[in-house]
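Colleague: So that we are looking at the same thing, I have put the structure below in structure tokens.
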Amino acid sequence: PLADGATTANGDNYLTVATTRPETMLGDSAVAVHPDDERYASLVGQFVELPLVGRKIPIVADTYVDMAFGTGCVKITPAHDFNDNALGKRHSLEELNILTADAHINDNAPEVYRGLSREAARKQIVIDLQNLGLVSAIEDHKLMVPRGDRSGAIIEPLLTDQWFVDIEPLAKPAIDAVESGDITFVPKQYENTYFAWMRDLQDWCISRQQWWGHRIPAFYDINNNIYVAADEASARAKYQLGNEVKLSQDQDVLETWFSSSLWPFATQGWPKDTDALAEFLPSNTLITGHDIIFFWVARMIMMTLRLTQKIPFQTVYIHGLVRDGEGQKMSKTKGNGLDPLDFIDGIDIESLVQKRTANLTQPKMAKRIETMTRKDFPDGVAAYGTDALRFTFCALATTGRDVRFDVSRVDGYRNFCNKLWNASKFVLMNTADENLSQPIQASPNVIDRWILSKASQLIENCRLALDTYRFDLCANAIYEFIWHEYCDWYLELSKSVLWNDDLSDQHKTATRRTLLEVLELLLRISHPIMPFITETLWLQVAPRLGMGGDSVMLQSYPEQTQLARDDVAQQQIEWLKSLITALRNIRGEASIKPSLGIRILLQDGNDQDHAQAANAAEMLKRLANVTTIEWLERDQEPPPNALALVGDLRVMVPLAGLIDVDAERARLAKEVARCEADLGRITGKLSNDSFVSKAPAEVVEKERQRAQELQGTLSTLAEQMQQLDELS
């Protein structure tokens, strides 16, 4: 009801408000309307009578109100709603708390409701309002109720006495430290996240009502006077209090982030001026996740600057978060976390389900986690080992990006560990009978000079990746080099030296030394990521090179200057790899068995191709099972063949006697049909004036280039079909 005989523009003597919390009406301090709402403009500054309570409360105007929603009138309860509290402060409204700590109605409400739970009071108040004829309508409404993560209990906004830190004097120096470059973020874009928080801060509530933590250093006498000091004795001395003054310490504790904000200096002996404080403050790099940039990083910066006048660290490296298969952040509460030990040692499905649901109090959550676990790990978790798991996380550590954990990646990197182990055993087996402790100045074998040159490039790539915090690039560079360059190519190429009776002992010794030297380097460069397998293998490899030391971790990280770059050797071996790959593709496409020796014909190319072919003849024969290599004149007609191009060089394998002609004809026909379909689709696009005029120029050009490539491919396929006809 409107007080003092006031009426609305329509002549009504009341205002209608909507609420999902009728019980909080007992603590209402105002009714708010929008300043531009003409329906209630004449009522702003007047009062209404609060039903069931009998208090007069004002009508205020505030832009918080949505005048198009409901009646345009909103009840304001500053003590029990965050938005209402902010509005109440703007209008100096009374903050009347009507709930106890356990959500029952307290003595600030009319006596009839005191002691009722909020739910019981809600029902009773609706009944009482209906009896008074003050309920306009009751409608179903779905309400989002906030609940505690751990307990599931409803969270109720409540006015309490808390301790706050005046944040403005702390925030400005912390902002300046990042703006000036004294503190840098990696990746740099997270500075924007930092500034967004720091430029919109409110005073920091640092007290918590918990059973653990640093106790608030404040003491009270019987009159609630406050004395702040480190302990009771210090408080009495500081405020000159006699023993007759009874003191009791505040029951609250400091919030965790306040305590954590002291970490950079409190762990170094502060407030004493210790040697550790001088040496380790500021530290070099802080590594943390993006979700606590404000909660921890910003607060460490603020507190350290305030209390020591130093920055806490120079660089903040922000890594992504490892999320579960559904993209949710892993947490103990959700039970969706993954224990690294489970992946290291393995765990069966029943034990895994029990482990992940043991601490969950909500049955629905427990059931969801069980279902998800049985779906993701139907056979439990296999044992992958420490090194495979470490390598997985390092390879996934793209700066600042969250990752969904994928077990198949761990499986792949376990295979990688096995690959390194088996390669090492091959090297150790083939270097067992010779003293290889003396370095070789320059190997006579191009494969040795090539792998050493590639290793030099690997060191450069890894050092750059580590210097720029790209641990994923470092891991991937190591993976690519060990798996492909060292194992797939160099170990196979080395056999053409070690098992060639026509080569001298000098050639073989050089390759054996290089096998060991590069392997030892790979163990050192991989050790920070895979410490256990590299330690085990290094202790076997290093003595053969005449190296001393009890552990690989005590060795220096590889330096690029240790190895010479050899561009000529790299060019030669890359040419050889391209040719072998082309021949393997021909075998695969033409279904030529690897056990069948093949004759290859080379045509066109340049002088360098001729020289490369002559130098690589022996390795080609061994690695690609080539029987003979012949050069054709430029205008010489080749016999029916399978063709591949290596640059301008035509590489041909005569097909007579090697293939099933009918099967090859069917394969080529299928490829012709695919290319014709693609060409028809692209030609249709290019003949469409709308596409050519509206699509970006680079897209149109790309389609034209693709059409030319398909025409060339069809021409080559037609030649191959003709050659098959000649074979048959």
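A note on labels: chains of the structure tokens are A, B, ... as shown, every chain counts residues from 1, and ligands are counted from 1 in their shown order.
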Apply DSSP to the backbone of this structure and, from segment 218-256 of chain A, keep only the residues in strand (DSSP E or B); write these as a list in words.

Modeller: Ala218, Phe219, Tyr220, Ile226, Tyr227, Val228, Ser248, Gln249, Val253 and Leu254 of chain A

Colleague: As a list in words, please: the residues near segment 441-445 of chain A (cut-off 9 Å, only C-alpha atoms, same-chain neighbours under 3 positions excluded).

Modeller: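 Counting only C-alpha atoms, the residues come to Asp448, Arg449, Trp450, Val497, Gln506, His507, Lys508, Ala510, Thr511 and Thr514 of chain A.
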
Colleague: As a list in words, please: the residues near segment 457-466 of chain A (cut-off 8 Å, only C-alpha atoms, same-chain neighbours under 4 positions excluded).

Modeller: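 Everything that qualifies: Ser453, Arg470, Phe471, Leu473, Cys474, Ala477, Ile478, Phe481, Ile525, Pro558, Glu559, Gln560 and Arg565 of chain A.
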
Colleague: Generate the output file for the selected residues, N, CA, C and O atoms, as a short mmCIF file (atom, residue, chain, number, x, y, z; two decimals), in the first residue's frame.

Modeller:
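Wrote it out as selection-v8.cif, contents follow:
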```cif
data_model
loop_
_atom_site.label_atom_id
_atom_site.label_comp_id
_atom_site.auth_asym_id
_atom_site.auth_seq_id
_atom_site.Cartn_x
_atom_site.Cartn_y
_atom_site.Cartn_z
N SER A 453 74.60 -32.55 -38.96
CA SER A 453 74.09 -31.23 -39.34
C SER A 453 72.64 -31.06 -38.91
O SER A 453 72.24 -30.01 -38.40
N ARG A 470 58.04 -22.38 -25.41
CA ARG A 470 57.24 -23.25 -26.27
C ARG A 470 57.68 -24.70 -26.06
O ARG A 470 58.34 -25.30 -26.89
N PHE A 471 57.29 -25.23 -24.91
CA PHE A 471 57.68 -26.59 -24.56
C PHE A 471 57.07 -27.61 -25.52
O PHE A 471 57.63 -28.68 -25.74
N LEU A 473 56.71 -27.15 -28.77
CA LEU A 473 57.56 -27.17 -29.96
C LEU A 473 58.85 -27.92 -29.69
O LEU A 473 59.37 -28.63 -30.57
N CYS A 474 59.38 -27.78 -28.49
CA CYS A 474 60.59 -28.51 -28.12
C CYS A 474 60.32 -30.01 -28.15
O CYS A 474 61.09 -30.79 -28.76
N ALA A 477 59.80 -31.24 -31.74
CA ALA A 477 61.04 -31.27 -32.51
C ALA A 477 61.85 -32.52 -32.15
O ALA A 477 62.41 -33.19 -33.03
N ILE A 478 61.91 -32.83 -30.87
CA ILE A 478 62.63 -34.04 -30.42
C ILE A 478 61.96 -35.29 -30.98
O ILE A 478 62.63 -36.20 -31.47
N PHE A 481 62.60 -35.65 -34.77
CA PHE A 481 63.98 -35.99 -35.08
C PHE A 481 64.27 -37.45 -34.72
O PHE A 481 64.82 -38.20 -35.53
N ILE A 525 69.34 -34.08 -24.70
CA ILE A 525 68.36 -33.05 -25.07
C ILE A 525 66.94 -33.46 -24.66
O ILE A 525 66.07 -32.63 -24.45
N PRO A 558 72.90 -29.63 -24.62
CA PRO A 558 73.65 -29.52 -25.87
C PRO A 558 73.73 -28.10 -26.40
O PRO A 558 72.77 -27.32 -26.33
N GLU A 559 74.90 -27.76 -26.94
CA GLU A 559 75.15 -26.46 -27.56
C GLU A 559 75.25 -26.65 -29.07
O GLU A 559 75.86 -27.61 -29.55
N GLN A 560 74.66 -25.74 -29.80
CA GLN A 560 74.68 -25.85 -31.25
C GLN A 560 76.10 -25.79 -31.80
O GLN A 560 76.42 -26.42 -32.81
N ARG A 565 77.39 -27.42 -39.21
CA ARG A 565 76.34 -27.48 -40.21
C ARG A 565 76.96 -27.86 -41.55
O ARG A 565 78.02 -27.39 -41.92
#
```

Colleague: Find the residues near segment 383-385 of chain A: any atom within 6 Å, counting only C-alpha atoms, skip ones fewer than 3 places away on the same chain, and give them as a VMD selection string.

Modeller: chain A and resid 343 to 346 388

Colleague: Can I get the selection written as a tab-separated table (two decimals), in the first residue's frame, with all heavy atoms?

Modeller:
```
chain	number	residue	atom	x	y	z
A	343	PHE	N	48.12	-43.52	-14.59
A	343	PHE	CA	48.62	-43.70	-15.95
A	343	PHE	C	50.05	-44.24	-15.95
A	343	PHE	O	50.48	-44.86	-16.90
A	343	PHE	CB	48.55	-42.38	-16.72
A	343	PHE	CG	47.16	-42.02	-17.11
A	343	PHE	CD1	46.32	-41.34	-16.24
A	343	PHE	CD2	46.67	-42.37	-18.35
A	343	PHE	CE1	45.03	-41.03	-16.59
A	343	PHE	CE2	45.36	-42.06	-18.72
A	343	PHE	CZ	44.54	-41.40	-17.83
A	344	ILE	N	50.76	-43.98	-14.89
A	344	ILE	CA	52.13	-44.49	-14.80
A	344	ILE	C	52.11	-45.99	-14.48
A	344	ILE	O	52.78	-46.79	-15.13
A	344	ILE	CB	52.91	-43.71	-13.72
A	344	ILE	CG1	53.14	-42.27	-14.18
A	344	ILE	CG2	54.24	-44.39	-13.42
A	344	ILE	CD1	53.65	-41.35	-13.10
A	345	ASP	N	51.31	-46.38	-13.47
A	345	ASP	CA	51.31	-47.77	-13.00
A	345	ASP	C	50.15	-48.60	-13.53
A	345	ASP	O	50.21	-49.83	-13.47
A	345	ASP	CB	51.26	-47.78	-11.46
A	345	ASP	CG	52.46	-47.06	-10.85
A	345	ASP	OD1	53.54	-47.13	-11.45
A	345	ASP	OD2	52.30	-46.44	-9.79
A	346	GLY	N	49.08	-47.94	-14.02
A	346	GLY	CA	47.90	-48.66	-14.48
A	346	GLY	C	46.92	-48.90	-13.35
A	346	GLY	O	47.29	-48.97	-12.18
A	388	ALA	N	56.45	-41.51	-20.70
A	388	ALA	CA	55.42	-41.32	-21.72
A	388	ALA	C	54.42	-40.26	-21.29
A	388	ALA	O	53.99	-39.42	-22.09
A	388	ALA	CB	54.71	-42.64	-21.99
```

Colleague: At what distance in Å, to one decimal, does atom CA of Pro146 of chain A lie from atom CA of Gln210 of chain A?

Modeller: 19.9 Å

Colleague: Which is closer to Thr536 of chain A than all the others in A:Ala617, A:Leu321, A:Leu420, A:Ala278, using only C-alpha atoms?

Modeller: A:Leu420

Colleague: Kindly assemble as a Markdown table a list of the segment 229-327 of chain A residues that lie within 10 Å of segment 348-372 of chain A, each paired with its nearest atom pair and their distance in Å to one decimal, using only C-alpha atoms, sorted first by chain and then by ascending residue number.

Modeller:
```
| residue | atom | partner | partner_atom | distance |
| --- | --- | --- | --- | --- |
| A:Asp324 | CA | A:Met372 | CA | 9.8 |
| A:Gly325 | CA | A:Met372 | CA | 8.7 |
| A:Glu326 | CA | A:Met372 | CA | 9.0 |
```

Colleague: DSSP on the backbone: which residues in segment 602-689 of chain A end up as alpha helix (DSSP H)? Give the answer as an NGL selection string.

Modeller: :A and (607-615 or 617-623 or 661-686 or 689)

Colleague: Between atom CA of Tyr317 of chain A and atom CA of Thr288 of chain A, what is the distance in Å, rounded to a tenth?

Modeller: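 Separation between atom CA of Tyr317 of chain A and atom CA of Thr288 of chain A: 6.5 Å.
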